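Asks: Dropping in target.pdb, with PDB, C-alpha atoms.
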```pdb
ATOM      1  CA  ALA A   1      -9.599   4.207 -13.184
ATOM      2  CA  GLU A   2     -11.177   5.097 -16.542
ATOM      3  CA  GLY A   3     -14.562   3.699 -15.543
ATOM      4  CA  GLY A   4     -17.391   5.619 -13.956
ATOM      5  CA  GLY A   5     -18.491   5.531 -10.339
ATOM      6  CA  ILE A   6     -16.350   5.137  -7.230
ATOM      7  CA  THR A   7     -15.536   1.416  -7.542
ATOM      8  CA  VAL A   8     -14.486  -0.922 -10.329
ATOM      9  CA  ASN A   9     -15.128  -4.671 -10.672
ATOM     10  CA  ILE A  10     -12.112  -6.859 -11.508
ATOM     11  CA  PRO A  11     -13.223 -10.366 -12.539
ATOM     12  CA  TYR A  12     -10.718 -13.239 -12.590
ATOM     13  CA  PHE A  13     -10.518 -17.038 -12.723
ATOM     14  CA  ARG A  14      -9.753 -18.767  -9.439
ATOM     15  CA  ASP A  15      -6.607 -20.841  -8.960
ATOM     16  CA  ILE A  16      -7.105 -24.554  -9.765
ATOM     17  CA  THR A  17      -3.577 -25.710  -8.933
ATOM     18  CA  ASP A  18      -4.655 -27.184  -5.573
ATOM     19  CA  GLN A  19      -7.316 -29.410  -7.111
ATOM     20  CA  ALA A  20      -6.585 -33.090  -6.542
ATOM     21  CA  ASP A  21      -6.444 -35.783  -9.198
ATOM     22  CA  ALA A  22      -7.755 -39.337  -8.651
ATOM     23  CA  PRO A  23      -6.809 -42.848  -9.694
ATOM     24  CA  GLN A  24      -8.010 -43.648 -13.192
ATOM     25  CA  VAL A  25     -10.773 -46.258 -13.418
ATOM     26  CA  GLU A  26     -11.272 -47.834 -16.834
ATOM     27  CA  GLY A  27     -14.700 -47.084 -18.312
ATOM     28  CA  THR A  28     -15.575 -44.590 -15.582
ATOM     29  CA  GLN A  29     -15.773 -40.869 -16.127
ATOM     30  CA  PRO A  30     -13.792 -38.874 -13.560
ATOM     31  CA  ALA A  31     -15.599 -36.460 -11.302
ATOM     32  CA  MET A  32     -15.640 -33.068 -12.980
ATOM     33  CA  GLN A  33     -14.050 -30.112 -11.197
ATOM     34  CA  ASN A  34     -15.042 -26.616 -12.222
ATOM     35  CA  LEU A  35     -13.021 -23.566 -13.098
ATOM     36  CA  THR A  36     -14.789 -20.915 -11.048
ATOM     37  CA  SER A  37     -14.485 -17.159 -11.192
ATOM     38  CA  GLY A  38     -14.238 -14.424  -8.594
ATOM     39  CA  LYS A  39     -14.716 -10.682  -8.532
ATOM     40  CA  GLN A  40     -12.467  -8.179  -6.856
ATOM     41  CA  ILE A  41     -13.905  -4.742  -6.124
ATOM     42  CA  ALA A  42     -11.453  -1.845  -6.069
ATOM     43  CA  PRO A  43     -12.222   1.661  -4.788
ATOM     44  CA  ILE A  44     -11.436   4.582  -7.089
ATOM     45  CA  PHE A  45     -10.079   7.686  -5.426
ATOM     46  CA  ASN A  46     -10.886  11.288  -6.285
ATOM     47  CA  ARG A  47      -8.412  13.426  -4.364
ATOM     48  CA  GLU A  48      -7.607  17.131  -4.397
ATOM     49  CA  THR A  49      -5.084  19.586  -3.013
ATOM     50  CA  GLY A  50      -5.356  23.377  -2.960
ATOM     51  CA  LEU A  51      -2.439  25.767  -2.509
ATOM     52  CA  ALA A  52      -2.162  29.526  -2.822
ATOM     53  CA  SER A  53       0.443  32.282  -2.877
ATOM     54  CA  SER A  54       0.149  36.060  -3.102
ATOM     55  CA  SER A  55       2.080  38.204  -5.539
ATOM     56  CA  LEU A  56       3.037  40.409  -2.609
ATOM     57  CA  ALA A  57       4.750  37.445  -0.951
ATOM     58  CA  ALA A  58       6.785  36.923  -4.111
ATOM     59  CA  SER A  59       7.898  40.569  -4.087
ATOM     60  CA  VAL A  60       8.759  40.570  -0.395
ATOM     61  CA  SER A  61      10.655  37.260  -0.495
ATOM     62  CA  GLY A  62      12.415  38.010  -3.766
ATOM     63  CA  SER A  63      11.550  34.518  -5.048
ATOM     64  CA  ASP A  64       8.707  32.768  -6.843
ATOM     65  CA  PRO A  65       6.500  30.814  -4.385
ATOM     66  CA  VAL A  66       4.330  29.414  -7.166
ATOM     67  CA  ALA A  67       7.329  27.945  -8.967
ATOM     68  CA  ASN A  68       8.467  26.452  -5.659
ATOM     69  CA  ILE A  69       5.028  24.920  -5.080
ATOM     70  CA  LEU A  70       4.956  23.410  -8.562
ATOM     71  CA  SER A  71       8.444  21.965  -8.113
ATOM     72  CA  GLN A  72       7.260  20.052  -5.024
ATOM     73  CA  ILE A  73       3.890  18.798  -6.298
ATOM     74  CA  ALA A  74       5.275  15.539  -7.716
ATOM     75  CA  VAL A  75       6.948  14.554  -4.432
ATOM     76  CA  ARG A  76       3.839  15.619  -2.513
ATOM     77  CA  ARG A  77       1.714  13.358  -4.704
ATOM     78  CA  GLN A  78       4.062  10.448  -4.071
ATOM     79  CA  LYS A  79       3.841  10.953  -0.304
ATOM     80  CA  GLN A  80       0.052  11.235  -0.467
ATOM     81  CA  ARG A  81      -0.122   7.995  -2.467
ATOM     82  CA  GLN A  82       2.140   6.322   0.086
ATOM     83  CA  GLN A  83      -0.284   7.371   2.836
ATOM     84  CA  THR A  84      -3.124   5.806   0.856
ATOM     85  CA  LEU A  85      -1.088   2.613   0.387
ATOM     86  CA  VAL A  86      -0.233   2.350   4.096
ATOM     87  CA  ASN A  87      -3.855   2.849   5.112
ATOM     88  CA  ILE A  88      -4.990   0.114   2.715
ATOM     89  CA  LEU A  89      -2.381  -2.254   4.160
ATOM     90  CA  ARG A  90      -3.481  -1.417   7.693
ATOM     91  CA  GLY A  91      -7.098  -2.049   6.791
ATOM     92  CA  ILE A  92      -6.578  -5.435   5.154
ATOM     93  CA  PHE A  93      -4.311  -6.610   8.002
ATOM     94  CA  GLY A  94      -6.387  -5.189  10.873
ATOM     95  CA  PHE A  95      -3.434  -3.232  12.200
ATOM     96  CA  THR A  96      -5.140  -1.764  15.287
ATOM     97  CA  SER A  97      -6.288  -5.164  16.569
ATOM     98  CA  ALA A  98      -4.863  -6.976  19.596
ATOM     99  CA  PRO A  99      -2.035  -9.505  19.127
ATOM    100  CA  GLY A 100      -3.285 -12.646  17.397
ATOM    101  CA  ALA A 101      -6.803 -11.284  16.840
ATOM    102  CA  ALA A 102      -8.687 -12.634  13.801
ATOM    103  CA  THR A 103      -9.291  -9.105  12.518
ATOM    104  CA  GLY A 104      -8.552  -8.030   8.950
ATOM    105  CA  ALA A 105      -8.988  -9.849   5.661
ATOM    106  CA  LEU A 106      -5.338 -11.000   5.751
ATOM    107  CA  TYR A 107      -4.954 -11.733   9.465
ATOM    108  CA  ALA A 108      -3.924 -15.320   8.596
ATOM    109  CA  VAL A 109      -0.647 -14.047   7.101
ATOM    110  CA  ARG A 110       0.089 -11.537   9.876
ATOM    111  CA  ASN A 111       2.837 -12.354  12.363
ATOM    112  CA  ASP A 112       2.292 -10.646  15.737
ATOM    113  CA  VAL A 113       5.324 -10.662  18.025
ATOM    114  CA  PHE A 114       4.391  -7.448  19.863
ATOM    115  CA  LEU A 115       2.786  -6.619  23.178
ATOM    116  CA  GLU A 116       0.406  -3.702  23.682
ATOM    117  CA  SER A 117       2.415  -2.874  26.821
ATOM    118  CA  GLY A 118       5.681  -2.919  24.951
ATOM    119  CA  ALA A 119       7.650  -0.136  26.610
ATOM    120  CA  ASN A 120      10.354  -2.638  27.646
ATOM    121  CA  PRO A 121      10.162  -5.323  24.962
ATOM    122  CA  SER A 122      12.186  -8.512  25.073
ATOM    123  CA  PRO A 123      14.255  -9.562  22.038
ATOM    124  CA  THR A 124      11.406 -11.793  20.874
ATOM    125  CA  GLN A 125       9.154  -8.732  20.511
ATOM    126  CA  LEU A 126      11.618  -6.957  18.186
ATOM    127  CA  ILE A 127      12.256  -7.157  14.459
ATOM    128  CA  SER A 128      15.034  -9.626  13.672
ATOM    129  CA  PRO A 129      16.099 -12.065  10.965
ATOM    130  CA  PHE A 130      14.210 -14.768  12.901
ATOM    131  CA  ALA A 131      10.974 -12.748  13.012
ATOM    132  CA  PHE A 132      11.390 -11.919   9.318
ATOM    133  CA  VAL A 133      11.751 -15.598   8.364
ATOM    134  CA  ASP A 134       8.763 -16.566  10.518
ATOM    135  CA  THR A 135       6.688 -13.873   8.786
ATOM    136  CA  ILE A 136       7.594 -15.033   5.275
ATOM    137  CA  ALA A 137       6.781 -18.595   6.379
ATOM    138  CA  ARG A 138       3.133 -17.526   6.758
ATOM    139  CA  LEU A 139       2.926 -17.875   2.968
ATOM    140  CA  GLY A 140       3.911 -21.554   3.116
ATOM    141  CA  GLU A 141       4.856 -22.981  -0.259
ATOM    142  CA  LEU A 142       3.997 -19.637  -1.878
ATOM    143  CA  ALA A 143       6.800 -17.816  -0.043
ATOM    144  CA  ASP A 144       8.949 -17.914  -3.180
ATOM    145  CA  THR A 145       6.448 -15.640  -4.943
ATOM    146  CA  THR A 146       7.840 -12.742  -2.911
ATOM    147  CA  ILE A 147      11.344 -13.115  -4.360
ATOM    148  CA  GLY A 148      12.278  -9.876  -6.095
ATOM    149  CA  GLY A 149       9.662  -7.944  -4.153
ATOM    150  CA  GLY A 150      10.004  -5.331  -1.441
ATOM    151  CA  ILE A 151       9.835  -4.645   2.264
ATOM    152  CA  LEU A 152       8.151  -1.519   3.649
ATOM    153  CA  MET A 153       9.304  -0.557   7.144
ATOM    154  CA  HIS A 154       9.641   2.312   9.596
ATOM    155  CA  PRO A 155      13.037   4.119   9.568
ATOM    156  CA  LEU A 156      13.708   2.868  13.112
ATOM    157  CA  MET A 157      13.265  -0.723  11.924
ATOM    158  CA  GLN A 158      15.669   0.008   9.085
ATOM    159  CA  ALA A 159      18.135   1.459  11.594
ATOM    160  CA  SER A 160      17.813  -1.621  13.805
ATOM    161  CA  LEU A 161      18.626  -3.941  10.923
ATOM    162  CA  LEU A 162      21.506  -1.711   9.830
ATOM    163  CA  LYS A 163      22.983  -1.941  13.327
ATOM    164  CA  GLU A 164      22.802  -5.715  13.026
ATOM    165  CA  ASP A 165      24.562  -5.386   9.658
ATOM    166  CA  GLN A 166      21.554  -7.019   8.011
ATOM    167  CA  ILE A 167      20.844  -4.517   5.223
ATOM    168  CA  SER A 168      23.065  -4.642   2.158
ATOM    169  CA  PHE A 169      23.544  -2.258  -0.718
ATOM    170  CA  GLN A 170      23.808  -2.976  -4.398
ATOM    171  CA  HIS A 171      24.160  -0.699  -7.365
ATOM    172  CA  TYR A 172      20.818   0.067  -8.975
ATOM    173  CA  SER A 173      22.560   1.201 -12.159
ATOM    174  CA  ASP A 174      25.996   2.042 -13.387
ATOM    175  CA  GLN A 175      25.536   5.671 -12.339
ATOM    176  CA  ALA A 176      27.980   6.603  -9.624
ATOM    177  CA  GLY A 177      26.349   7.162  -6.248
ATOM    178  CA  VAL A 178      23.006   5.539  -7.097
ATOM    179  CA  LYS A 179      22.438   2.624  -4.743
ATOM    180  CA  LEU A 180      19.575   0.336  -3.880
ATOM    181  CA  GLU A 181      19.046  -0.899  -0.339
ATOM    182  CA  THR A 182      18.044  -4.526   0.007
ATOM    183  CA  TYR A 183      17.278  -6.813   2.932
ATOM    184  CA  LYS A 184      17.682 -10.504   2.160
ATOM    185  CA  GLY A 185      17.121  -9.660  -1.510
ATOM    186  CA  TYR A 186      14.023  -7.477  -0.939
ATOM    187  CA  ARG A 187      14.024  -3.833  -1.989
ATOM    188  CA  VAL A 188      13.795  -1.615   1.110
ATOM    189  CA  PHE A 189      11.179   1.165   1.314
ATOM    190  CA  ILE A 190      10.628   3.292   4.412
ATOM    191  CA  SER A 191       7.753   5.322   5.824
ATOM    192  CA  ASN A 192       7.383   7.332   9.028
ATOM    193  CA  LEU A 193       3.714   6.299   9.161
ATOM    194  CA  LEU A 194       4.385   2.715  10.201
ATOM    195  CA  VAL A 195       4.054   3.084  13.970
ATOM    196  CA  ARG A 196       1.363   3.633  16.604
ATOM    197  CA  ALA A 197       1.342   3.940  20.372
ATOM    198  CA  GLY A 198       0.675   0.728  22.283
ATOM    199  CA  THR A 199      -2.462   0.772  24.407
ATOM    200  CA  GLY A 200      -0.380  -0.178  27.456
ATOM    201  CA  GLY A 201       2.758   1.802  26.655
ATOM    202  CA  GLY A 202       5.564   1.664  24.141
ATOM    203  CA  TYR A 203       5.057   1.472  20.389
ATOM    204  CA  VAL A 204       3.830  -0.988  17.783
ATOM    205  CA  PHE A 205       5.551  -1.025  14.385
ATOM    206  CA  ASP A 206       4.113  -2.591  11.237
ATOM    207  CA  THR A 207       6.401  -4.006   8.531
ATOM    208  CA  TYR A 208       5.160  -5.380   5.207
ATOM    209  CA  ILE A 209       6.852  -7.813   2.820
ATOM    210  CA  PHE A 210       5.275  -8.094  -0.607
ATOM    211  CA  ALA A 211       5.694  -9.872  -3.921
ATOM    212  CA  PRO A 212       6.223  -7.931  -7.164
ATOM    213  CA  GLY A 213       3.046  -6.606  -8.742
ATOM    214  CA  VAL A 214       0.668  -7.157  -5.819
ATOM    215  CA  PHE A 215      -0.880  -3.705  -6.235
ATOM    216  CA  ALA A 216      -2.816  -2.560  -9.296
ATOM    217  CA  TRP A 217      -2.340   1.085 -10.233
ATOM    218  CA  GLY A 218      -4.041   3.423 -12.682
ATOM    219  CA  GLU A 219      -4.740   7.128 -13.192
ATOM    220  CA  LYS A 220      -7.318   9.043 -15.210
ATOM    221  CA  PRO A 221      -7.422  12.815 -15.768
ATOM    222  CA  GLN A 222     -10.704  14.528 -14.968
ATOM    223  CA  VAL A 223     -11.782  15.642 -18.432
ATOM    224  CA  ASP A 224     -14.169  18.552 -19.044
ATOM    225  CA  GLY A 225     -17.143  18.175 -21.361
ATOM    226  CA  ALA A 226     -16.424  21.014 -23.758
ATOM    227  CA  GLN A 227     -12.724  20.929 -24.532
ATOM    228  CA  LYS A 228     -12.177  17.231 -23.775
ATOM    229  CA  ALA A 229      -9.003  18.166 -21.933
ATOM    230  CA  ASP A 230      -7.592  17.656 -18.462
ATOM    231  CA  ALA A 231      -9.668  20.041 -16.373
ATOM    232  CA  ALA A 232      -8.426  19.228 -12.890
ATOM    233  CA  SER A 233      -4.794  18.323 -12.307
ATOM    234  CA  MET A 234      -2.277  21.138 -11.933
ATOM    235  CA  ARG A 235      -4.622  24.042 -12.642
ATOM    236  CA  VAL A 236      -3.504  27.576 -11.792
ATOM    237  CA  TRP A 237      -6.048  30.370 -11.302
ATOM    238  CA  VAL A 238      -5.235  34.036 -10.737
ATOM    239  CA  ASN A 239      -7.534  36.019  -8.460
ATOM    240  CA  PRO A 240      -6.815  39.693  -9.252
ATOM    241  CA  GLN A 241      -9.099  40.989  -6.501
ATOM    242  CA  LEU A 242      -7.016  39.273  -3.820
ATOM    243  CA  ASN A 243      -3.719  39.423  -5.723
ATOM    244  CA  VAL A 244      -3.395  35.670  -5.209
ATOM    245  CA  GLU A 245      -2.468  32.742  -7.444
ATOM    246  CA  GLU A 246      -4.280  29.526  -6.560
ATOM    247  CA  ILE A 247      -3.068  26.071  -7.570
ATOM    248  CA  TYR A 248      -5.435  23.086  -7.684
ATOM    249  CA  ASP A 249      -4.289  19.525  -8.124
ATOM    250  CA  ARG A 250      -7.144  17.048  -8.526
ATOM    251  CA  THR A 251      -6.510  13.428  -9.450
ATOM    252  CA  ARG A 252      -8.534  10.279 -10.033
ATOM    253  CA  PHE A 253      -6.657   7.050  -9.491
ATOM    254  CA  LEU A 254      -6.894   3.391  -8.535
ATOM    255  CA  LEU A 255      -4.581   1.619  -6.071
ATOM    256  CA  HIS A 256      -5.700  -1.903  -5.217
ATOM    257  CA  PRO A 257      -4.155  -5.022  -3.631
ATOM    258  CA  ASN A 258      -4.452  -8.462  -5.219
ATOM    259  CA  GLY A 259      -7.424 -10.603  -4.301
ATOM    260  CA  LEU A 260      -9.279  -8.126  -2.088
ATOM    261  CA  ARG A 261     -12.792  -6.752  -2.266
ATOM    262  CA  TRP A 262     -13.740  -3.285  -1.023
ATOM    263  CA  ILE A 263     -17.101  -3.592   0.770
ATOM    264  CA  GLY A 264     -17.136  -0.226   2.518
ATOM    265  CA  THR A 265     -19.494   2.670   1.912
ATOM    266  CA  PRO A 266     -17.539   5.938   1.798
ATOM    267  CA  GLY A 267     -18.912   8.963   3.587
ATOM    268  CA  GLY A 268     -17.911  11.179   0.657
ATOM    269  CA  GLN A 269     -17.531  10.768  -3.100
ATOM    270  CA  SER A 270     -14.605   8.382  -2.621
ATOM    271  CA  ALA A 271     -12.993   6.533   0.270
ATOM    272  CA  ALA A 272     -10.923   8.533   2.757
ATOM    273  CA  ASN A 273      -7.697   7.151   4.220
ATOM    274  CA  SER A 274      -9.399   6.548   7.568
ATOM    275  CA  GLU A 275     -12.029   4.413   5.827
ATOM    276  CA  LEU A 276      -9.348   2.459   3.961
ATOM    277  CA  ALA A 277      -7.680   1.679   7.303
ATOM    278  CA  THR A 278     -10.925   0.205   8.696
ATOM    279  CA  ALA A 279     -10.678  -3.593   8.661
ATOM    280  CA  ALA A 280     -14.448  -4.117   8.284
ATOM    281  CA  ASN A 281     -14.365  -2.375   4.888
ATOM    282  CA  TRP A 282     -12.280  -5.137   3.261
ATOM    283  CA  GLN A 283     -13.005  -8.747   2.391
ATOM    284  CA  LEU A 284     -10.734 -11.479   0.997
ATOM    285  CA  ASP A 285     -11.893 -12.706  -2.410
ATOM    286  CA  TYR A 286      -8.993 -15.050  -3.221
ATOM    287  CA  THR A 287      -9.485 -18.590  -1.912
ATOM    288  CA  THR A 288      -6.792 -18.192   0.756
ATOM    289  CA  ALA A 289      -4.845 -15.239   2.153
ATOM    290  CA  ASP A 290      -1.435 -16.657   1.188
ATOM    291  CA  ARG A 291      -2.309 -16.245  -2.513
ATOM    292  CA  VAL A 292      -2.336 -12.453  -2.187
ATOM    293  CA  GLY A 293       1.444 -12.209  -1.797
ATOM    294  CA  ILE A 294       1.709  -9.791   1.164
ATOM    295  CA  VAL A 295       2.623 -10.539   4.772
ATOM    296  CA  CYS A 296       2.769  -8.286   7.831
ATOM    297  CA  LEU A 297       5.048  -8.298  10.888
ATOM    298  CA  ARG A 298       3.938  -6.338  13.973
ATOM    299  CA  SER A 299       6.660  -5.746  16.533
ATOM    300  CA  ASN A 300       7.562  -3.411  19.418
ATOM    301  CA  GLY A 301      10.778  -2.253  17.790
TER
END
```
Write the structure described by the file as structure tokens, please.
Replies:
Amino acid sequence: AEGGGITVNIPYFRDITDQADAPQVEGTQPAMQNLTSGKQIAPIFNRETGLASSSLAASVSGSDPVANILSQIAVRRQKQRQQTLVNILRGIFGFTSAPGAATGALYAVRNDVFLESGANPSPTQLISPFAFVDTIARLGELADTTIGGGILMHPLMQASLLKEDQISFQHYSDQAGVKLETYKGYRVFISNLLVRAGTGGGYVFDTYIFAPGVFAWGEKPQVDGAQKADAASMRVWVNPQLNVEEIYDRTRFLLHPNGLRWIGTPGGQSAANSELATAANWQLDYTTADRVGIVCLRSNG
């Protein structure tokens, strides 16, 4: 995120573990196999939020709206980042495509059990331990790389698994009352965003299982030229003419999945969430999709 422009190149060496050896022949040089390199391209995001409150409102309410706004900024940022994350996942998996369609850079590790007309789904169209196992199996021999990772699901999917007594709880620390939800050893995260209406009725839910460390993350303050200080994030400006305090939160950050290349052209100065969710804007750069370490289950409930 500290580089210039709206994208960053991430070079790497490609995996050679699948290269085959050959029988040794005395006096004959073996065929040479090369260590090749690849290049991921990650979009950099410049995002902003503006909020305002009048001094009159503070007097009338008997409280401090600005202090309340500032107290919620951190959680708001987290939710905004989660929206960005979900849209990236939907783009690389081609979430809006028909069942089984070869759309999205990671379609090969997407398990579609849903129907577009899923108003009355059968058990095979619903999330279940069997569907979960089949989804992880898309990674083949690399399935073990997800151990210790997480699962991101809609609250209704979480509720369904809870009703089946499938989600367990373990203490995250020794602090009383602090617990960590897990499903088959995967940390559980939830988001209301993970659903869309089916084109023929009902709903389609997307659930993601991922290995630890599959997303790169970085932030950089927007620094002004004169004072060499953070000139953008959490800035408060008082407008005496309007008797209003304005709060601006501008951030520059990177959030990028393993092995992918951003090939889109943003309409603005950085990619919008709608552009991130567009499958045509992403390309797989790893040799195979299973090396990325993320799988997707699409179900009707």
Asks: Excluding A:Asn87 and its own-chain neighbours fewer than 3 positions away, which residues fall within 12 Å of it when counting all atoms listed in the file? Please give them as an MDAnalysis selection string.
Replies: chainID A and resid 80:84 90:96 191 193:195 206 255:257 271:279 281:282
Asks: For stretch 149-151 of chain A, work out the shell of residues within 8 Å, counting all atoms listed in the file and skipping chain neighbours fewer than 6 positions away, then give it as a PyMOL selection string.
Replies: chain A and resi 183+186-189+207-212
Asks: Using only C-alpha atoms, find the one residue out of A:Leu142, A:Ala289, A:Ile88, A:Ala22 that sits nearest to A:Ala42.
Replies: A:Ile88
Asks: Can you spell out as a ChimeraX atom specification the set of residues that the PyMOL selection byres ((chain A and resi 21) around 10) selects in the structure I just provided?
Replies: /A:18-20,22-24,30-31,33
Asks: In terms of the shortest atom-to-atom distance over only C-alpha atoms, which of A:Glu141, A:Glu219, A:Asp134, A:Asp15 is closest to A:Arg250?
Replies: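 Nearest to A:Arg250: A:Glu219.
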Asks: Provide the atom CA of A:Arg291 to atom CA of A:Asn258 distance in Å, to one decimal place.
Replies: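 Computed distance, atom CA of A:Arg291 to atom CA of A:Asn258, equals 8.5 Å.
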Asks: Using all atoms listed in the file, which residue out of A:Leu106, A:Ile10, A:Leu156, A:Leu161 lies closest to A:Leu89?
Replies: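 Closest to A:Leu89, using all atoms listed in the file: A:Leu106.
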Asks: What is the atom CA of A:Glu245-atom CA of A:Asn46 distance in Å, reported with one decimal?
Replies: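 Value for the atom CA of A:Glu245-atom CA of A:Asn46 distance: 23.1 Å.
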Asks: Take atom CA of A:Gly185 and atom CA of A:Asp165 and report the distance between them in Å, one decimal.
Replies: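 According to the coordinates, atom CA of A:Gly185 and atom CA of A:Asp165 are separated by 14.1 Å.
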Asks: Do you know which residues the PyMOL selection byres ((chain A and resi 138) around 12) returns on this file, as a PyMOL selection string?
Replies: chain A and resi 106-112+131-137+139-144+146+209+288-297
